[in-house]
Structures are given as C-alpha cells and as structure tokens.
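Trainee: Contents of upload39.txt (compact mmCIF, C-alpha atoms) are below:
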```txt
# COMPACT_ATOMS: atom_id res chain seq x y z
CA MET A 1 15.23 -60.20 -54.99
CA PRO A 2 15.02 -56.44 -54.30
CA THR A 3 15.53 -57.09 -50.58
CA LEU A 4 18.62 -59.17 -51.30
CA PHE A 5 19.86 -56.50 -53.73
CA TYR A 6 19.43 -53.76 -51.13
CA PHE A 7 21.05 -55.86 -48.39
CA LEU A 8 24.06 -56.67 -50.57
CA THR A 9 24.38 -53.03 -51.61
CA TRP A 10 24.22 -51.99 -47.95
CA ALA A 11 26.89 -54.56 -47.03
CA CYS A 12 29.18 -53.54 -49.91
CA VAL A 13 28.83 -49.79 -49.39
CA THR A 14 29.36 -50.10 -45.63
CA PHE A 15 32.48 -52.18 -46.30
CA ILE A 16 33.82 -49.63 -48.81
CA GLN A 17 33.00 -46.66 -46.57
CA VAL A 18 34.53 -48.13 -43.40
CA VAL A 19 37.48 -50.08 -44.81
CA VAL A 20 38.40 -48.82 -48.30
CA THR A 21 37.55 -45.11 -48.43
CA PRO A 22 39.84 -43.94 -45.59
CA ARG A 23 42.74 -45.54 -47.48
CA LEU A 24 41.97 -43.57 -50.63
CA ALA A 25 42.29 -40.23 -48.83
CA ILE A 26 44.58 -37.69 -50.46
CA ARG A 27 45.61 -35.11 -47.87
CA GLY A 28 42.40 -35.63 -45.92
CA VAL A 29 40.12 -35.61 -48.97
CA PHE A 30 38.32 -38.90 -49.57
CA PRO A 31 35.59 -40.02 -51.97
CA ASP A 32 32.30 -40.25 -50.09
CA ILE A 33 30.90 -43.38 -51.70
CA LEU A 34 28.04 -43.59 -49.19
CA ILE A 35 26.51 -40.28 -50.27
CA ALA A 36 27.17 -41.01 -53.93
CA VAL A 37 25.35 -44.35 -53.72
CA ILE A 38 22.44 -42.75 -51.87
CA ILE A 39 22.12 -40.16 -54.65
CA VAL A 40 22.33 -42.78 -57.41
CA ILE A 41 19.76 -45.03 -55.68
CA ALA A 42 17.38 -42.08 -55.14
CA LEU A 43 17.79 -41.06 -58.80
CA ARG A 44 17.11 -44.54 -60.12
CA TYR A 45 14.49 -45.86 -57.69
CA GLY A 46 12.77 -42.71 -56.44
CA ARG A 47 12.50 -40.88 -53.15
CA LEU A 48 10.66 -43.61 -51.19
CA THR A 49 13.36 -46.22 -51.74
CA GLY A 50 16.03 -43.53 -51.54
CA VAL A 51 14.99 -42.35 -48.08
CA TRP A 52 14.75 -45.88 -46.61
CA PHE A 53 18.09 -46.80 -48.09
CA ALA A 54 19.72 -43.54 -46.99
CA PHE A 55 18.36 -44.03 -43.47
CA ALA A 56 19.73 -47.58 -43.14
CA LEU A 57 23.08 -46.79 -44.69
CA ALA A 58 23.74 -43.50 -42.94
CA PHE A 59 22.61 -44.83 -39.56
CA SER A 60 25.15 -47.65 -39.68
CA ILE A 61 28.03 -45.27 -40.50
CA ASP A 62 26.70 -42.72 -37.99
CA LEU A 63 27.38 -45.22 -35.20
CA LEU A 64 31.11 -44.72 -35.61
CA ASP A 65 31.00 -41.17 -34.28
CA PRO A 66 29.05 -40.80 -31.00
CA GLN A 67 29.53 -37.01 -30.95
CA LYS A 68 27.71 -36.50 -34.27
CA LEU A 69 25.29 -39.42 -33.87
CA GLY A 70 22.07 -38.71 -35.79
CA TRP A 71 23.31 -35.91 -38.05
CA MET A 72 24.40 -38.12 -40.94
CA THR A 73 21.12 -40.07 -40.80
CA LEU A 74 19.08 -36.88 -40.82
CA LEU A 75 20.94 -35.13 -43.62
CA ALA A 76 21.28 -38.22 -45.82
CA SER A 77 17.53 -38.91 -45.56
CA PHE A 78 16.72 -35.32 -46.59
CA LEU A 79 19.27 -35.51 -49.38
CA ALA A 80 17.68 -38.72 -50.73
CA TYR A 81 14.24 -37.10 -50.57
CA GLY A 82 15.48 -34.00 -52.41
CA VAL A 83 17.19 -36.07 -55.09
CA GLY A 84 13.99 -38.11 -55.44
CA VAL A 85 12.06 -34.90 -56.10
CA VAL A 86 14.63 -33.90 -58.74
CA ARG A 87 14.16 -37.31 -60.38
CA GLU A 88 10.42 -36.69 -60.70
CA THR A 89 10.92 -33.26 -62.25
CA ILE A 90 14.08 -32.89 -64.33
CA TYR A 91 15.68 -36.34 -64.48
CA LEU A 92 17.74 -37.01 -67.61
CA GLU A 93 18.95 -40.55 -68.14
CA ASN A 94 22.58 -40.04 -68.90
CA PRO A 95 25.81 -40.46 -66.93
CA TRP A 96 26.73 -36.77 -67.06
CA PHE A 97 23.50 -35.82 -65.32
CA GLU A 98 24.06 -38.45 -62.63
CA SER A 99 27.67 -37.36 -62.10
CA THR A 100 26.56 -33.73 -61.81
CA MET A 101 23.89 -34.70 -59.28
CA VAL A 102 26.48 -36.68 -57.30
CA PHE A 103 28.78 -33.67 -57.32
CA LEU A 104 26.11 -31.17 -56.24
CA GLY A 105 24.54 -33.49 -53.67
CA THR A 106 27.89 -34.44 -52.11
CA PHE A 107 29.04 -30.82 -51.95
CA LEU A 108 25.81 -29.62 -50.37
CA TYR A 109 25.72 -32.52 -47.92
CA HIS A 110 29.31 -31.99 -46.75
CA VAL A 111 28.89 -28.24 -46.28
CA ILE A 112 25.78 -28.78 -44.14
CA TYR A 113 27.27 -31.77 -42.29
CA ARG A 114 30.27 -29.65 -41.34
CA PHE A 115 28.16 -26.62 -40.39
CA PHE A 116 25.45 -28.03 -38.14
CA PRO A 117 27.24 -29.89 -35.35
CA ALA A 118 29.87 -27.10 -34.94
CA PRO A 119 28.69 -23.83 -36.55
CA GLN A 120 31.27 -21.64 -34.80
CA PHE A 121 34.21 -23.74 -35.97
CA PHE A 122 32.71 -23.83 -39.47
CA MET A 123 32.37 -20.04 -39.68
CA GLY A 124 35.88 -19.58 -38.26
CA ASN A 125 37.30 -21.81 -41.00
CA PHE A 126 34.72 -21.06 -43.68
CA SER A 127 36.92 -21.11 -46.77
CA LYS A 128 38.81 -24.20 -45.61
CA MET A 129 35.58 -26.09 -44.87
CA VAL A 130 33.97 -25.14 -48.19
CA ALA A 131 37.13 -26.01 -50.12
CA GLU A 132 37.34 -29.39 -48.38
CA SER A 133 33.66 -30.12 -49.19
CA PHE A 134 34.25 -29.06 -52.81
CA LEU A 135 37.28 -31.34 -53.20
CA ILE A 136 35.41 -34.29 -51.64
CA ALA A 137 32.56 -33.68 -54.10
CA VAL A 138 34.99 -33.51 -57.04
CA TYR A 139 36.78 -36.70 -55.94
CA THR A 140 33.50 -38.55 -55.33
CA SER A 141 31.85 -37.53 -58.60
CA ALA A 142 35.02 -38.42 -60.51
CA VAL A 143 35.10 -41.93 -59.00
CA ILE A 144 31.36 -42.50 -59.44
CA GLY A 145 31.41 -41.00 -62.96
CA LEU A 146 34.21 -43.38 -63.90
CA ILE A 147 32.33 -46.40 -62.52
CA ILE A 148 29.14 -45.40 -64.36
CA MET A 149 31.06 -44.91 -67.64
CA ILE A 150 32.79 -48.32 -67.34
CA PHE A 151 29.50 -50.12 -66.60
CA ARG A 152 27.77 -48.25 -69.37
CA GLN A 153 30.38 -49.25 -71.95
CA ARG A 154 30.31 -52.89 -70.88
CA TYR A 155 26.68 -53.57 -70.09
CA GLY A 156 24.66 -50.67 -71.48
CA TYR A 157 23.08 -47.97 -69.38
CA ARG A 158 19.82 -49.57 -68.33
CA ASP A 159 21.35 -52.87 -67.22
CA LEU A 160 23.37 -51.08 -64.58
CA ALA A 161 20.28 -50.73 -62.40
CA MET B 162 -0.77 -31.72 -35.56
CA LEU B 163 -4.00 -32.54 -37.41
CA ASN B 164 -2.75 -30.75 -40.52
CA PHE B 165 0.52 -32.66 -40.27
CA ARG B 166 -1.36 -35.99 -40.14
CA ARG B 167 -3.55 -34.97 -43.07
CA GLY B 168 -0.42 -33.96 -45.02
CA ILE B 169 1.20 -37.32 -44.33
CA LEU B 170 -1.95 -39.24 -45.32
CA ARG B 171 -2.26 -37.24 -48.55
CA ASN B 172 1.39 -37.84 -49.40
CA PRO B 173 2.49 -41.29 -48.15
CA GLN B 174 5.98 -40.73 -49.58
CA LEU B 175 6.59 -38.43 -46.61
CA ILE B 176 6.22 -41.33 -44.13
CA PRO B 177 9.80 -42.67 -44.41
CA LEU B 178 11.20 -39.14 -44.27
CA SER B 179 9.15 -38.37 -41.16
CA ILE B 180 10.32 -41.58 -39.47
CA ALA B 181 13.94 -40.88 -40.43
CA THR B 182 13.67 -37.30 -39.12
CA PHE B 183 12.07 -38.47 -35.88
CA VAL B 184 14.70 -41.15 -35.18
CA SER B 185 17.57 -38.81 -36.15
CA ALA B 186 16.24 -36.03 -33.93
CA ILE B 187 16.07 -38.42 -30.98
CA LEU B 188 19.64 -39.56 -31.63
CA ILE B 189 20.87 -35.96 -31.92
CA VAL B 190 19.35 -34.82 -28.61
CA LEU B 191 20.45 -37.90 -26.62
CA PRO B 192 22.97 -37.12 -23.85
CA LEU B 193 26.52 -37.98 -24.87
CA ASP B 194 26.71 -40.85 -22.34
CA LEU B 195 23.73 -42.55 -23.98
CA LYS B 196 25.07 -41.81 -27.46
CA THR B 197 28.29 -43.55 -26.42
CA THR B 198 26.37 -46.63 -25.28
CA VAL B 199 24.24 -46.72 -28.45
CA SER B 200 27.35 -46.29 -30.55
CA ARG B 201 29.17 -49.10 -28.77
CA ILE B 202 26.26 -51.52 -29.07
CA GLY B 203 25.84 -50.66 -32.77
CA THR B 204 29.53 -50.89 -33.54
CA LEU B 205 29.91 -54.23 -31.79
CA SER B 206 26.87 -55.74 -33.49
CA LEU B 207 26.09 -54.13 -36.86
CA LEU B 208 29.57 -52.99 -37.84
CA TYR B 209 31.67 -55.57 -35.99
CA PRO B 210 33.19 -57.36 -39.04
CA TYR B 211 33.93 -54.07 -40.80
CA SER B 212 35.49 -52.28 -37.87
CA GLU B 213 37.53 -55.39 -36.96
CA LEU B 214 38.84 -55.64 -40.54
CA ASP B 215 39.61 -51.93 -40.58
CA ARG B 216 41.52 -52.21 -37.32
CA TYR B 217 43.39 -55.27 -38.57
CA LEU B 218 44.48 -53.47 -41.75
CA ARG B 219 45.50 -50.37 -39.83
CA ARG B 220 47.58 -52.57 -37.55
CA ILE B 221 49.35 -54.16 -40.53
CA ASP B 222 49.97 -50.71 -42.05
CA SER B 223 51.71 -49.50 -38.97
CA THR B 224 53.39 -52.66 -37.66
CA PHE B 225 56.28 -52.86 -40.10
CA GLU B 226 57.28 -49.23 -39.73
CA ALA B 227 56.76 -49.29 -35.98
CA ASN B 228 58.91 -52.41 -35.61
CA ARG B 229 61.89 -50.84 -37.31
CA GLU B 230 61.50 -47.63 -35.34
CA LEU B 231 61.02 -49.44 -32.05
CA SER B 232 64.04 -51.68 -32.32
CA ARG B 233 66.13 -48.55 -32.92
CA LYS B 234 64.64 -46.85 -29.89
CA VAL B 235 64.90 -49.81 -27.53
CA ASP B 236 68.69 -49.71 -27.52
CA SER B 237 68.93 -46.05 -26.63
CA LEU B 238 66.04 -46.21 -24.16
CA THR B 239 67.51 -49.09 -22.19
CA VAL B 240 70.47 -46.92 -21.28
CA LEU B 241 68.25 -43.91 -20.64
CA VAL B 242 65.87 -45.81 -18.34
CA SER B 243 68.61 -46.98 -16.04
CA ARG B 244 69.81 -43.37 -15.75
CA LEU B 245 66.29 -42.13 -15.12
CA ILE B 246 65.68 -44.66 -12.36
CA GLU B 247 68.74 -43.30 -10.59
CA ASN B 248 67.47 -39.74 -11.15
CA GLN B 249 64.04 -40.68 -9.78
CA TYR B 250 65.55 -41.91 -6.53
CA GLU B 251 67.63 -38.76 -6.28
CA ASN B 252 64.60 -36.58 -7.11
CA ASP B 253 62.46 -38.27 -4.44
CA ARG B 254 65.17 -37.77 -1.84
CA LEU B 255 65.58 -34.08 -2.73
CA ARG B 256 61.81 -33.42 -2.81
CA THR B 257 61.47 -34.96 0.65
CA MET B 258 64.29 -32.74 1.91
CA LEU B 259 62.66 -29.60 0.41
CA GLY B 260 59.25 -30.36 1.88
CA PHE B 261 57.48 -31.13 -1.42
CA SER B 262 55.11 -34.08 -1.46
CA LEU B 263 56.10 -36.89 -3.79
CA HIS B 264 54.45 -37.33 -7.18
CA ALA B 265 51.68 -39.87 -6.91
CA PRO B 266 52.53 -42.75 -9.24
CA MET B 267 50.28 -42.92 -12.31
CA ARG B 268 48.38 -46.13 -12.76
CA PRO B 269 47.33 -46.18 -16.39
CA VAL B 270 44.28 -48.24 -17.28
CA PRO B 271 44.78 -50.06 -20.59
CA ALA B 272 41.86 -49.82 -23.02
CA GLU B 273 41.09 -51.32 -26.40
CA VAL B 274 40.02 -48.96 -29.20
CA VAL B 275 36.53 -50.10 -30.23
CA ALA B 276 35.72 -47.57 -32.96
CA ILE B 277 37.07 -44.37 -34.41
CA SER B 278 35.03 -41.58 -35.97
CA PHE B 279 34.75 -41.60 -39.74
CA GLY B 280 36.64 -39.09 -41.86
CA TYR B 281 40.10 -37.59 -41.53
CA PRO B 282 41.32 -36.13 -39.25
CA TYR B 283 39.74 -38.37 -36.62
CA LYS B 284 37.94 -36.36 -33.95
CA SER B 285 36.68 -38.94 -31.48
CA MET B 286 36.89 -42.61 -30.66
CA LEU B 287 35.23 -45.19 -28.51
CA ILE B 288 37.28 -47.24 -26.04
CA GLY B 289 36.37 -50.40 -24.18
CA VAL B 290 36.62 -49.24 -20.57
CA GLY B 291 34.13 -47.18 -18.61
CA THR B 292 32.70 -46.54 -15.19
CA GLU B 293 33.25 -50.22 -14.36
CA SER B 294 37.00 -49.43 -14.29
CA ASN B 295 36.47 -46.07 -12.57
CA ILE B 296 36.86 -44.18 -15.84
CA GLY B 297 34.91 -40.93 -15.93
CA PRO B 298 35.00 -37.77 -18.03
CA ASN B 299 38.07 -35.51 -18.28
CA MET B 300 40.73 -38.15 -17.91
CA PRO B 301 43.83 -38.03 -20.10
CA VAL B 302 44.18 -40.74 -22.73
CA MET B 303 47.54 -41.58 -24.22
CA SER B 304 49.42 -44.09 -26.25
CA ALA B 305 53.07 -45.03 -25.93
CA ALA B 306 53.89 -42.31 -28.47
CA GLY B 307 52.16 -39.42 -26.68
CA ILE B 308 48.83 -38.07 -25.58
CA VAL B 309 45.82 -38.84 -27.71
CA GLY B 310 43.02 -36.83 -26.08
CA LYS B 311 40.74 -36.98 -23.08
CA THR B 312 37.58 -38.82 -22.10
CA ILE B 313 34.40 -36.77 -22.36
CA ALA B 314 31.73 -39.31 -21.46
CA SER B 315 31.63 -42.82 -20.14
CA GLY B 316 29.20 -45.70 -20.04
CA TRP B 317 29.49 -48.96 -18.10
CA ARG B 318 32.12 -50.53 -20.32
CA SER B 319 32.82 -47.78 -22.83
CA ALA B 320 33.97 -44.21 -22.98
CA THR B 321 34.08 -41.55 -25.68
CA VAL B 322 37.49 -39.98 -26.18
CA GLN B 323 37.78 -36.49 -27.61
CA LEU B 324 40.92 -36.63 -29.74
CA LEU B 325 43.48 -33.86 -30.14
CA PHE B 326 42.15 -33.17 -33.65
CA ASP B 327 38.78 -32.07 -32.25
CA PRO B 328 38.76 -28.24 -32.25
CA ALA B 329 37.09 -28.31 -28.83
CA CYS B 330 40.03 -30.21 -27.27
CA LYS B 331 42.50 -27.79 -25.70
CA VAL B 332 45.65 -28.77 -23.82
CA ALA B 333 47.90 -26.52 -21.73
CA ALA B 334 51.40 -27.20 -23.04
CA ARG B 335 54.98 -26.06 -22.90
CA ILE B 336 58.05 -26.44 -25.03
CA GLN B 337 60.26 -28.79 -23.08
CA ALA B 338 63.57 -27.05 -23.77
CA SER B 339 62.62 -23.36 -23.40
CA ARG B 340 59.63 -23.85 -21.01
CA ALA B 341 57.57 -21.47 -23.21
CA GLN B 342 53.88 -22.04 -22.51
CA GLY B 343 50.80 -22.01 -24.72
CA ILE B 344 47.55 -23.75 -25.51
CA ILE B 345 47.50 -26.67 -27.93
CA THR B 346 44.43 -26.73 -30.17
CA TYR B 347 43.41 -27.92 -33.64
CA THR B 348 42.86 -25.27 -36.29
CA GLY B 349 42.97 -27.39 -39.44
CA GLY B 350 45.51 -29.39 -41.41
CA ASN B 351 47.41 -32.45 -40.26
CA TYR B 352 49.04 -30.83 -37.27
CA LEU B 353 48.16 -29.08 -33.99
CA THR B 354 48.71 -25.43 -33.18
CA MET B 355 50.27 -24.12 -29.97
CA ARG B 356 48.74 -20.67 -29.67
CA ASP B 357 49.62 -17.50 -27.80
CA VAL B 358 53.33 -18.17 -27.35
CA PRO B 359 55.14 -14.88 -26.65
CA ILE B 360 57.35 -13.90 -29.59
CA GLU B 361 60.49 -13.63 -27.43
CA GLU B 362 60.26 -17.25 -26.25
CA SER B 363 62.53 -19.68 -28.03
CA ALA B 364 60.95 -22.45 -30.11
CA LEU B 365 63.04 -24.41 -32.56
CA VAL B 366 61.93 -26.93 -35.13
CA GLY B 367 62.31 -30.38 -33.59
CA ASP B 368 61.76 -29.23 -29.98
CA SER B 369 59.53 -31.52 -27.92
CA VAL B 370 56.19 -30.18 -26.70
CA VAL B 371 54.83 -31.60 -23.44
CA THR B 372 51.83 -30.93 -21.22
CA SER B 373 52.37 -28.16 -18.67
CA GLY B 374 49.91 -29.49 -16.09
CA LEU B 375 48.18 -26.11 -15.83
CA GLY B 376 44.86 -27.08 -17.37
CA GLY B 377 43.99 -29.40 -14.51
CA ILE B 378 43.25 -32.42 -16.68
CA PHE B 379 46.59 -33.49 -18.12
CA PRO B 380 49.41 -34.02 -15.65
CA GLU B 381 52.70 -32.29 -16.31
CA GLY B 382 55.30 -33.67 -18.68
CA LEU B 383 53.28 -35.92 -21.02
CA PHE B 384 54.69 -35.88 -24.55
CA ILE B 385 52.42 -34.24 -27.16
CA GLY B 386 54.57 -33.88 -30.26
CA ILE B 387 57.39 -31.97 -31.89
CA VAL B 388 57.61 -28.43 -33.31
CA ILE B 389 57.53 -28.40 -37.11
CA ARG B 390 57.02 -24.70 -37.86
CA THR B 391 56.53 -21.33 -36.16
CA GLU B 392 54.39 -18.49 -37.47
CA ALA B 393 54.49 -14.91 -36.12
CA ARG B 394 51.10 -13.21 -35.63
CA GLU B 395 50.28 -9.91 -37.30
CA SER B 396 50.24 -8.13 -33.93
CA GLY B 397 53.91 -9.08 -33.48
CA LEU B 398 53.52 -9.98 -29.78
CA PHE B 399 52.64 -13.64 -30.09
CA ARG B 400 53.24 -16.45 -32.47
CA ASP B 401 51.62 -19.77 -33.29
CA ILE B 402 53.68 -22.94 -33.30
CA LYS B 403 52.70 -25.91 -35.46
CA VAL B 404 53.13 -29.22 -33.66
CA LEU B 405 53.16 -32.68 -35.20
CA PRO B 406 51.50 -35.05 -32.70
CA GLY B 407 53.63 -37.97 -31.54
CA ALA B 408 50.74 -40.44 -31.49
CA ASP B 409 49.49 -41.69 -34.85
CA LEU B 410 45.74 -41.39 -34.27
CA ALA B 411 44.94 -43.50 -37.33
CA ALA B 412 46.82 -46.55 -36.05
CA LEU B 413 45.71 -46.89 -32.46
CA ASP B 414 44.72 -50.31 -31.16
CA GLU B 415 45.29 -49.85 -27.47
CA VAL B 416 45.49 -46.71 -25.39
CA PHE B 417 45.94 -45.91 -21.70
CA VAL B 418 43.60 -43.84 -19.59
CA LEU B 419 45.21 -41.98 -16.73
CA PRO B 420 42.77 -41.72 -13.83
CA ALA B 421 43.06 -38.56 -11.72
CA THR B 422 46.20 -38.48 -9.58
CA THR B 423 47.41 -36.24 -6.80
CA THR B 424 49.35 -33.24 -8.06
CA PRO B 425 52.49 -32.19 -6.20
CA THR B 426 51.87 -29.47 -3.65
CA LEU B 427 54.11 -27.44 -1.36
CA GLN B 428 53.50 -28.44 2.24
CA VAL B 429 53.63 -25.18 4.19
CA GLY B 430 55.14 -25.25 7.65
CA ARG B 431 57.68 -28.01 7.17
```
Rewrite the coordinates I just gave you, this time as structure tokens.

Mentor:
Amino acid sequence: MPTLFYFLTWACVTFIQVVVTPRLAIRGVFPDILIAVIIVIALRYGRLTGVWFAFALAFSIDLLDPQKLGWMTLLASFLAYGVGVVRETIYLENPWFESTMVFLGTFLYHVIYRFFPAPQFFMGNFSKMVAESFLIAVYTSAVIGLIIMIFRQRYGYRDLA
Amino acid sequence: MLNFRRGILRNPQLIPLSIATFVSAILIVLPLDLKTTVSRIGTLSLLYPYSELDRYLRRIDSTFEANRELSRKVDSLTVLVSRLIENQYENDRLRTMLGFSLHAPMRPVPAEVVAISFGYPYKSMLIGVGTESNIGPNMPVMSAAGIVGKTIASGWRSATVQLLFDPACKVAARIQASRAQGIITYTGGNYLTMRDVPIEESALVGDSVVTSGLGGIFPEGLFIGIVIRTEARESGLFRDIKVLPGADLAALDEVFVLPATTTPTLQVGR
C-alpha cells in the first residue's frame, strides 16, 4: 500500500508540475507544487522517506532541463533532509506550521536553485531573483495552505496523511 | 573516508541523502552532451505521457490565435513574396555585376521540440535532431515567427538549444529601419534587451529588430522581434531597447536549425 501511495503521489505531482503549474503562472510566478509536496511528505513521514521521495520526484522533473541537470535533485534531497530534522525537533501538528514550513522551504530552495547554476547572473539581478523566489513561496504556501485547510475541514487533520 | 563510513553506519538515515548527493553530483559534472542524451532518454521514457500532454495543450492554446493571425498574413504575404522573388533575381544579377559572391541558400533542418526546461521564462529546450543530421553546436534555431536561440550541444539524435531567454545567449542585432546595432541579451522580464545602442540612433516603438550577422553564428537579417520601449542610460551616451521576441517560446512544436552557410564576401581582383 505505501508503495502504491508513493507511486500515485509521484505520478500526480509530476503531472501537476509538468502540465498544470505552468498554466497557473501569473507574470512568471508559479506555485511550486513539487517542493511543497516534498516538504509536506518530509514533515509527515520523516527524513528517510522524504529524501527518497524528493530524489525520485526532483530527478524526474530535472530531466526537463539538461543545463541544470542534477541541481534540483541535489537541493530537493537536502531540503527534505532538513525538513525531516525540523520534524524531529520542533514539529507542531497544525496547518499553520505546515504552511509556514512550505513557505520557508520553498523560498530557501528557490533562492539557492537560482544562485548555484549561475551565481554571476544571480548577483547581478539580486533583488529581482529574491523577489521572484519570495513570490513563488507566497503563491505555493497559499495554494498548499488552502488545500490543507479544505482537507482538514472535510476529513479531519490526521486522515489527510 | 573511514570516519565517513563510520558516520554512515552510526546514522543509517544518512544513506539515502548520501546516495542522492552522489547521483546528483555525477549528473551536475557530466558534460553537456551527455546531459542532453540523459535528458532525452529520460524525457522520452519516464516523462513521455506528461510532456506529450503538455505539448498537446500548448498546441491547442496557440492554434486558434495563430490561425486567425496567419490567415490575415497569408493574403498580404502572397503579394509580398512575388515582389521579393523579382527582387531576388535583380539582387543576384547586381551582386554578380559588382563582384560579390552570391548568398548561399539556407537549408533549414526541421526539428521536433522534445522537451522544454521547466519554469518561466524558458531557458533551454531539447530538439529531436543531432549529429546524425549534421547538427552541431552554435547553429541558429528559429521558428516561422523569428529566431529562438542556438544549439549548444548535440547528441546522436538530440540537441540542446539555448533559448533567447537564457542570460548567456547573446545575439548581434540591428534595428531594420535605422540600421542601429547592438547586442540582444536577456536581463529579466518577459522581453529581451538590445544593449549599447548609441543614443543618437533612431529606434521607434514597433520597429523590427533583426540579426546583424556580426556575431558569426546568426546570419544577417533573421527576424528577432519588435521594439516595445527604449530606456536611456545614466551616462547619456547609450540606451537600452526592450524587444518583444517574435517567436512564442512557450508554444513551439517544430523549429528549424540553420546549419552553417557561406557568408557573402567581396572577391578582390574582379
């Protein structure tokens, strides 16, 4: 059952990330569902599951961009590990905490993902890059927060997992 | 190394992270040609249904609008083409008389778009032709609406195209009407920037921007886009011109690669 659950989640998230997300972009800012799901999975199932899941998910999306191949996989795996560590130390089981983690994780991930493959371009457009990462994080956490709230109202918090 | 192994054994939760780091590091340091091949194999196997669906939806998005636009253009272009054919004959005759060699005809190689990088604006894409069709690096890639970018690496049946929205992609360009020259590059936003244009050169909103042929990669006269805004620099000597690219990079299904052609040269002594 867990294998099927993870496979279906992988299939759904890949579908949303490749097909749906680019169509939700507002002036170049899109919700990064992939990173949000990685954070939520790492928060709920721990760093071990989080890192495996992040690796599989990020690797498949990484394939779309040969120039940056490997960066998304690397950063997403570290992000999942970091979130897993947070879970073991200060995890609070409420939607606000998860939304805040999604916001912080997405922001941090996007800043680093923009910096590493092209540091010179990043520093030349520092404020623009940071603002873009911030808006993506806001958009993503808003979407994920909304989904968590809806599920929580309908099915209760624990059943969501 | 021994300490690292001990650390891993003491904390087995580090094993997946170590494997992920190792695989990612290998992928990052791979040469771009190999990355292109890996990307193509992965896209055509793991992501095939998703990328096909994405391409199909993009095609639907653009087809309706393109149809209306195209039918309007066809009428005016039919007249224009017949005039241009006449001009071409006249041009060839005059070039021969002046001692210039004739322009080598371009033989574009059609290519299917296999995958496009994630995130907007799109910075690179994978196309389905490669060294098998004599496609190598640094060859211009264009669509019917204008240039799209250039190839930067090629595998057997695939090539990576660096799109105009990649900050590393620079194109020598000129404004078609005033002949003012500059370098087209991406500096952010949804448009390109033509930099270092002298302030005294004329550039009006709506002017066409074409390649100047000076960079050595793009032949002269390929359409890039139209001027949408001009901005004077603080120094007062130069200005930057914002250019809206003609090709819609989000809705590309097929593109054309232009293999290297002979550039016109003056034949001394004739």

Trainee: From the set B:Asp327, B:Asp357, B:Glu381, B:Asp409, which residue has the shortest atom-to-atom contact distance to Phe121 of chain A, counting all atoms listed in the file?

Mentor: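 When distances to Phe121 of chain A are compared using all atoms listed in the file, the smallest one comes from B:Asp327.
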
Trainee: Just to confirm, what's the straight-line distance from atom CA of Met101 of chain A to atom CA of Tyr113 of chain A in Å (one decimal)?

Mentor: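 Between atom CA of Met101 of chain A and atom CA of Tyr113 of chain A the gap works out to 17.6 Å.
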
Trainee: For a quick test of understanding: name the residues of chain A lying within 9 Å of chain B when counting only C-alpha atoms, and present them as a PyMOL selection string.

Mentor: chain A and resi 14-15+17-22+25+27-30+47-49+51-52+55+59-75+77-78+81+121+125+128

Trainee: Quick one, how far is atom CA of Ile33 of chain A from atom CA of Ile16 of chain A?

Mentor: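 Those two atoms sit 7.5 Å apart.
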
Trainee: Which one of A:Val13, A:Ile147, A:Leu79, A:Leu8 sits closest to Ile112 of chain A if you count only C-alpha atoms?

Mentor: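 Smallest distance to Ile112 of chain A is found for A:Leu79.
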
Trainee: Could you add the missing atoms to segment 179-184 of chain B, up to all heavy atoms, and return them as a compact mmCIF listing (two decimals), in the coordinates of the input?

Mentor:
```txt
# COMPACT_ATOMS: atom_id res chain seq x y z
N SER B 179 9.56 -38.78 -42.52
CA SER B 179 9.15 -38.37 -41.16
C SER B 179 9.76 -39.31 -40.12
O SER B 179 10.24 -38.86 -39.08
CB SER B 179 7.62 -38.41 -41.03
OG SER B 179 7.05 -37.69 -42.08
N ILE B 180 9.73 -40.62 -40.42
CA ILE B 180 10.32 -41.58 -39.47
C ILE B 180 11.82 -41.33 -39.32
O ILE B 180 12.35 -41.28 -38.21
CB ILE B 180 10.05 -43.03 -39.94
CG1 ILE B 180 8.55 -43.33 -39.89
CG2 ILE B 180 10.82 -44.04 -39.08
CD1 ILE B 180 8.14 -44.63 -40.52
N ALA B 181 12.48 -41.12 -40.46
CA ALA B 181 13.94 -40.88 -40.43
C ALA B 181 14.25 -39.61 -39.63
O ALA B 181 15.17 -39.58 -38.81
CB ALA B 181 14.48 -40.74 -41.85
N THR B 182 13.44 -38.56 -39.84
CA THR B 182 13.67 -37.30 -39.12
C THR B 182 13.45 -37.50 -37.62
O THR B 182 14.25 -37.03 -36.80
CB THR B 182 12.69 -36.22 -39.64
OG1 THR B 182 12.80 -36.17 -41.05
CG2 THR B 182 13.00 -34.87 -39.07
N PHE B 183 12.39 -38.24 -37.28
CA PHE B 183 12.07 -38.47 -35.88
C PHE B 183 13.20 -39.24 -35.17
O PHE B 183 13.69 -38.82 -34.12
CB PHE B 183 10.75 -39.25 -35.79
CG PHE B 183 10.30 -39.53 -34.40
CD1 PHE B 183 9.86 -38.50 -33.58
CD2 PHE B 183 10.33 -40.82 -33.90
CE1 PHE B 183 9.45 -38.76 -32.28
CE2 PHE B 183 9.93 -41.10 -32.60
CZ PHE B 183 9.49 -40.06 -31.79
N VAL B 184 13.63 -40.33 -35.79
CA VAL B 184 14.70 -41.15 -35.18
C VAL B 184 15.99 -40.33 -35.08
O VAL B 184 16.67 -40.35 -34.05
CB VAL B 184 14.93 -42.44 -36.01
CG1 VAL B 184 16.12 -43.22 -35.47
CG2 VAL B 184 13.69 -43.31 -35.99
```
